[in-house]
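Shown next, in structure tokens, is the structure this report addresses.
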Amino acid sequence: MLALLLSRPLAWVLVLLTLLAGPRSEAGRAVFPAGFEVARGALPRPDLAPLDGLGLNACPPPDSPLARLLHRRTRGQGAALSCGNRVEGLLHFPNAEPAYSAQPRRPEGAFGLLEDRVRGTRRELLIANMLWDDGPDAPGAGLARAVADLRRDLAAHPERHPQGLTVRIMLGNSIRLGDLLDPTANAYHAARHLLEAGVPLSGDTLPGWRLELANYTYALPHSHVKLIVQDGEAVLTGGFNVSLFHVPAQTPGGQGLADLGLWVRGPVARHAVATFRDGWLLSRGLTCHAHPTPGTLRRDCSFTRPTSPWPLVWTRPAPAAGSARVYGLYRRSGYADADDAVTALFGAARTSIDVMQSQVSGTLGCVGRLSDPGGCPPALQLPVWRAAVRAVRERGVRLRLLLDYDPLLQAETLALLRGLRAELAPLGLADHVQARWYGPAGGVHTKAALIDGELLTVGSQNLHHSAFGPLGLGEYTLATNDPGARGEFGRMFAFEWARAQAIHAPWWLPADTTGKPPRVERGNHRE
């Protein structure tokens with residue numbers, strides 16, 4: 001987990017460096033060596049028309065309250081694509097337990113299933129991720145081999161791909177533990193895997209084949225989006241990286257870190273395409289001035305040129321594939337509407353909020369309040385937690401959090417939990433906030449929530465200060481009312497909750513989490 005976490009403290013170091021930086025480059029950027037480019041101020045908002053399907057689809061408001069809330073929140077920026085979708089299933093990393101899922105178990109875990117899906121692409125494959133591990137046993141090597149299989153299939157059977165085949169891969173410009181001074185490392189790992197799989201990076205003359213690689217421009221805030229979109233018709237999103245962390249522990253290099261993805265087919269895939277394209281326009285493409293080999297890749301190629309914009313050529317409405325409502329929630333610097341949507345969902349809960357998360361926190365200042373009797377105070381909590389507290393106070397909602405046990409994150413987690421319980425204790429509601437450490441040794445990296453058993457969210461956004469507000473990372477989430485997905489997540493949550501571990505304050509921290517804040521009367525509170 002350490003490699004996943006270092007980007008945040010180093011990003012805050014970059015904030016300080018930005019203040020000390022010299023003259024700005026174009027578009028208000030401050031540029032540092034090795035891809036450490038920092039956005040000064042918010043980035044421009046994306047073009048909302050593509051996110052809403054260019055006006056080609058229409059979708060009436062749904063009946064269920066939470067889906068209707070999201071419909072209002074995403075009107076003009078995705079609501080039109082929420083109808084007619086089919087949820088094809090949850091994808092469990094590294095493998096699923098038979099107690100809650102029929103997902104086949106594979107030695108290489110969920111990545112083996114993902115490679116099989118990738119090989120079914122017929123026209124266009126888009127892959128966005130934050131991390132891409134190097135090495136022959138890493139899952140990126142398998143994905144690269146699947147891309148090589150697509151290229152061979154195009155060469156042998158062009159009739160299967162009448163529009164040709166386009167593959168675009170975009171990395172998030174995130175820092176790695178082994179490459180602290182080079183946020184382009186993940187993108188070079190992907191390029192090296194493609195070369196090793198036999199896919200040329202330059203001078204490819206195969207008719208109909210197009211391969212492009214890009215790396216997000218900004219190190220702060222970088223892109224945390226994890227997306228795979230096939231043929232503009234099917235989308236997978238979740239919290240998983242293309243990393244050995246998510247490979248079964250029994251596999252060489254595997255760490256067994258649990259995560260979750262959601263496969264959907266239907267109109268909402270166009271929202272995912274538009275999301276990918278927006279990130280692509282904020283990235284830099286790979287340019288090679290020679291025919292590189294794995295050994296000469298960094299000498300012969302660089303991520304320096306602006307990416308080429310590619311047009312969206314939708315001329316007809318996206319066809320329906322099912323009856324599920326699915327909403328795409330995209331956020332980045334300059335476009336934080338999804339923050340408000342997630343906050344509104346938590347605030348609208350009437351009975352329960354079940355959260356499975358890798359990272360939770362208040363604002364950055366909360367860590368310093370860990371030893372205070374009242375923990376992280378309301379003024380330093382994120383709006384999403386304030387909304388959850390209101391739901392607990394006003395309607396007796398039960399909030400359960402299944403969290404990753406990681407020493408580097410415990411201070412943030414404990415400070416937040418102490419704050420929530422201290423505020424609710426005078427009302428006799430502290431027990432409405434329940435939290436446990438995820439049980440299996442591999443840990444959990446999932447970012448999902450089930451609200452009232454009615455609406456499920458799965459994506460990349462942590463309920464953490466790194467994923468909200470002006471400096472928040474780029475994130476993508478799908479929210480659905482599909483009964484199959486809701487039921488499977490509910491079974492998984494119950495299974496993992498039963499074997500989770502109680503959260504106890506460390507020996508050096510006072511165990512009293514109630515504090516003595518001013519008494520707040522239910523239904524007559526001020527904030």
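To be explicit about the labels: the chains of the structure tokens are called A, B, and onward in the order shown, and within each one the residues are counted from 1, while ligands get numbers from 1 in the order they are shown.
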I'd like the neighbourhood of Tyr327 of chain A as a PyMOL selection string, where a residue qualifies if any of its atoms comes within 10 Å (using only C-alpha atoms), though same-chain residues fewer than 2 positions away should be ignored.
chain A and resi 67+70-71+74+77-83+85+267-269+271+324-325+329-330+457+477-481
Residue list (alpha helix (DSSP H), DSSP) for segment 201-410 of chain A, as number ranges by chain
A: 268-281, 297-300, 337-348, 383-395, 410
Keeping C-alpha atoms for every residue in the selection just given, could you write it to a file as a PDB file, in the first residue's frame?
ATOM      1  CA  VAL A 268     -23.577   5.368 -19.933  1.00  0.00           C
ATOM      2  CA  ALA A 269     -20.462   4.070 -21.714  1.00  0.00           C
ATOM      3  CA  ARG A 270     -20.599   7.249 -23.800  1.00  0.00           C
ATOM      4  CA  HIS A 271     -20.261   9.277 -20.607  1.00  0.00           C
ATOM      5  CA  ALA A 272     -17.146   7.216 -19.837  1.00  0.00           C
ATOM      6  CA  VAL A 273     -15.779   7.867 -23.344  1.00  0.00           C
ATOM      7  CA  ALA A 274     -16.278  11.605 -22.852  1.00  0.00           C
ATOM      8  CA  THR A 275     -14.566  11.384 -19.457  1.00  0.00           C
ATOM      9  CA  PHE A 276     -11.587   9.597 -20.986  1.00  0.00           C
ATOM     10  CA  ARG A 277     -11.425  12.132 -23.810  1.00  0.00           C
ATOM     11  CA  ASP A 278     -11.446  15.041 -21.345  1.00  0.00           C
ATOM     12  CA  GLY A 279      -8.484  13.514 -19.509  1.00  0.00           C
ATOM     13  CA  TRP A 280      -6.782  12.821 -22.822  1.00  0.00           C
ATOM     14  CA  LEU A 281      -6.991  16.494 -23.778  1.00  0.00           C
ATOM     15  CA  LEU A 297      12.557   3.183 -24.868  1.00  0.00           C
ATOM     16  CA  ARG A 298      13.456   6.188 -22.728  1.00  0.00           C
ATOM     17  CA  ARG A 299      16.165   7.281 -25.125  1.00  0.00           C
ATOM     18  CA  ASP A 300      13.978   7.061 -28.211  1.00  0.00           C
ATOM     19  CA  ASP A 337     -20.012  18.665  -9.365  1.00  0.00           C
ATOM     20  CA  ALA A 338     -19.676  14.975  -8.465  1.00  0.00           C
ATOM     21  CA  ASP A 339     -18.515  15.966  -4.971  1.00  0.00           C
ATOM     22  CA  ASP A 340     -21.865  17.626  -4.395  1.00  0.00           C
ATOM     23  CA  ALA A 341     -23.735  14.640  -5.848  1.00  0.00           C
ATOM     24  CA  VAL A 342     -22.021  12.148  -3.523  1.00  0.00           C
ATOM     25  CA  THR A 343     -22.613  14.477  -0.566  1.00  0.00           C
ATOM     26  CA  ALA A 344     -26.292  14.788  -1.468  1.00  0.00           C
ATOM     27  CA  LEU A 345     -26.627  10.989  -1.685  1.00  0.00           C
ATOM     28  CA  PHE A 346     -25.259  10.510   1.819  1.00  0.00           C
ATOM     29  CA  GLY A 347     -27.430  13.302   3.132  1.00  0.00           C
ATOM     30  CA  ALA A 348     -30.567  11.791   1.586  1.00  0.00           C
ATOM     31  CA  PRO A 383     -19.129  17.963   3.436  1.00  0.00           C
ATOM     32  CA  VAL A 384     -19.877  14.290   2.757  1.00  0.00           C
ATOM     33  CA  TRP A 385     -19.369  13.460   6.444  1.00  0.00           C
ATOM     34  CA  ARG A 386     -21.429  16.444   7.542  1.00  0.00           C
ATOM     35  CA  ALA A 387     -24.229  15.134   5.336  1.00  0.00           C
ATOM     36  CA  ALA A 388     -23.923  11.661   6.869  1.00  0.00           C
ATOM     37  CA  VAL A 389     -24.068  13.116  10.392  1.00  0.00           C
ATOM     38  CA  ARG A 390     -27.235  15.030   9.520  1.00  0.00           C
ATOM     39  CA  ALA A 391     -28.804  11.820   8.242  1.00  0.00           C
ATOM     40  CA  VAL A 392     -27.912  10.067  11.504  1.00  0.00           C
ATOM     41  CA  ARG A 393     -29.271  12.902  13.646  1.00  0.00           C
ATOM     42  CA  GLU A 394     -32.449  13.592  11.721  1.00  0.00           C
ATOM     43  CA  ARG A 395     -33.481  10.100  10.643  1.00  0.00           C
ATOM     44  CA  GLN A 410      -4.848   5.149  10.902  1.00  0.00           C
TER      45      GLN A 410
END
Which of these residues is nearest to Leu380 of chain A, using only C-alpha atoms: A:Arg400, A:Arg316, A:Leu416, A:Leu473?
A:Leu416
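Atom pair atom CA of Thr184 of chain A / atom CA of Tyr218 of chain A: separated by 10.5 Å.
Of the residues listed (A:Thr237, A:Arg331, A:Met130, A:Gln255), A:Arg331 shows the shortest atom-to-atom separation from Leu51 of chain A; distances use only C-alpha atoms.
Proximity of A:Thr287, A:Leu420, A:Arg210, A:Val433 to Leu399 of chain A, computed with only C-alpha atoms, is greatest for A:Val433.
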Show me a table, sorted first by chain and then by increasing residue number, of the residues of segment 227-328 of chain A having an atom at most 8 Å from segment 137-143 of chain A, each with its shortest atom pair and the distance in Å to one decimal, counting only C-alpha atoms and written as CSV.
residue,atom,partner,partner_atom,distance
A:Val242,CA,A:Gly140,CA,5.8
A:Ser243,CA,A:Pro139,CA,6.2
A:Leu244,CA,A:Ala138,CA,5.6
A:Val247,CA,A:Pro139,CA,7.6
A:Pro252,CA,A:Asp137,CA,6.9
A:Gly253,CA,A:Asp137,CA,7.3
Store the residues of this selection in a file with N, CA, C and O atoms, as a CSV table (one decimal), in the first residue's frame.
chain,number,residue,atom,x,y,z
A,242,VAL,N,-3.4,-1.1,-12.2
A,242,VAL,CA,-2.8,-2.2,-13.0
A,242,VAL,C,-1.5,-2.5,-12.3
A,242,VAL,O,-0.4,-2.2,-12.6
A,243,SER,N,-1.7,-3.3,-11.2
A,243,SER,CA,-0.6,-3.4,-10.2
A,243,SER,C,-0.6,-4.8,-9.6
A,243,SER,O,-1.7,-5.4,-9.4
A,244,LEU,N,0.5,-5.2,-9.2
A,244,LEU,CA,0.7,-6.5,-8.4
A,244,LEU,C,0.0,-6.5,-7.1
A,244,LEU,O,-0.3,-7.5,-6.5
A,247,VAL,N,-3.1,-8.6,-7.3
A,247,VAL,CA,-2.9,-10.0,-7.8
A,247,VAL,C,-3.0,-10.9,-6.6
A,247,VAL,O,-2.5,-10.6,-5.5
A,252,PRO,N,3.4,-15.1,-7.9
A,252,PRO,CA,4.6,-14.4,-7.7
A,252,PRO,C,4.4,-12.9,-7.7
A,252,PRO,O,3.9,-12.3,-8.7
A,253,GLY,N,4.8,-12.2,-6.7
A,253,GLY,CA,4.7,-10.8,-6.5
A,253,GLY,C,3.4,-10.3,-6.1
A,253,GLY,O,3.2,-9.1,-5.7
Please provide the set of residues having any atom within 9 Å of Glu488 of chain A, restricted to only C-alpha atoms, with same-chain residues fewer than 4 positions apart removed, written as a ChimeraX atom specification.
/A:89-90,100-101,483-484,492-493
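With only C-alpha atoms as the atoms that count, the residue of A:Gly239, A:Asn173, A:Ala290, A:Pro248 with the shortest distance to Ser202 of chain A is A:Ala290.
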If we count only C-alpha atoms, what is near Ala185 of chain A at a cut-off of 8 Å, once residues fewer than 5 positions away on the same chain are taken out, given as a list in words?
Ile175, Arg176 and Asp179 of chain A
If you run DSSP on the backbone here, which positions in segment 143-292 of chain A get strand (DSSP E)? Please write them as a PyMOL selection string.
chain A and resi 165-171+209-216+218-220+227-230+234-238+259-265+283-288
Please list as number ranges by chain every residue within 12 Å of Tyr216 of chain A, counting only C-alpha atoms and excluding residues in the same chain fewer than 4 positions away.
A: 35-39, 128-131, 169-175, 183-187, 220-225, 276-286, 303-307, 473-474
Could you pull the residues within 8 Å of Gln381 of chain A, counting only C-alpha atoms, minus those fewer than 3 positions along the same chain, as a PyMOL selection string?
chain A and resi 361-363+366+376-378+385-386+416
Restrict the selected residues to C-alpha atoms and save them as a PDB file, in the first residue's frame.
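As a result, result-v8.pdb now contains:
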ATOM      1  CA  SER A 361     -10.554  11.408   6.428  1.00  0.00           C
ATOM      2  CA  GLY A 362     -11.623  14.886   7.290  1.00  0.00           C
ATOM      3  CA  THR A 363      -9.768  17.815   5.807  1.00  0.00           C
ATOM      4  CA  CYS A 366      -7.849  16.795  11.013  1.00  0.00           C
ATOM      5  CA  CYS A 376     -11.728  15.923  14.165  1.00  0.00           C
ATOM      6  CA  PRO A 377     -14.274  18.701  14.818  1.00  0.00           C
ATOM      7  CA  PRO A 378     -17.223  19.388  12.491  1.00  0.00           C
ATOM      8  CA  TRP A 385     -19.369  13.460   6.444  1.00  0.00           C
ATOM      9  CA  ARG A 386     -21.429  16.444   7.542  1.00  0.00           C
ATOM     10  CA  LEU A 416     -12.449  11.288  11.846  1.00  0.00           C
TER      11      LEU A 416
END
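One finds atom CA of Gly419 of chain A at 20.3 Å from atom CA of Ala349 of chain A.
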Which residues of segment 91-185 of chain A sit at most 12 Å from segment 444-452 of chain A, using only C-alpha atoms? Give each one's shortest atom pair and distance in Å (one decimal place), in chain and ascending residue order, as a tab-separated table.
residue	atom	partner	partner_atom	distance
A:Leu91	CA	A:Thr446	CA	11.2
A:His92	CA	A:Thr446	CA	9.5
A:Phe93	CA	A:Thr446	CA	9.2
A:Pro94	CA	A:Val444	CA	10.3
Those selected residues, please, written with C-alpha atoms and delivered as a CSV table (one decimal), in the first residue's frame.
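Saved the output as out25.csv:
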chain,number,residue,atom,x,y,z
A,91,LEU,CA,-15.5,-7.6,-10.8
A,92,HIS,CA,-13.7,-8.7,-7.6
A,93,PHE,CA,-10.0,-8.3,-7.1
A,94,PRO,CA,-8.0,-10.4,-6.6
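Nearest residue to Gly469 of chain A among A:Ala58, A:Ala502, A:Ala336, A:Leu48 is A:Ala336, counting only C-alpha atoms.
Residues with any atom within 10 Å of Gln163 of chain A, counting only C-alpha atoms and excluding same-chain neighbours fewer than 5 positions away, are A:Arg122, A:Arg123, A:Glu124, A:Pro158, A:Gly208, A:Trp209.
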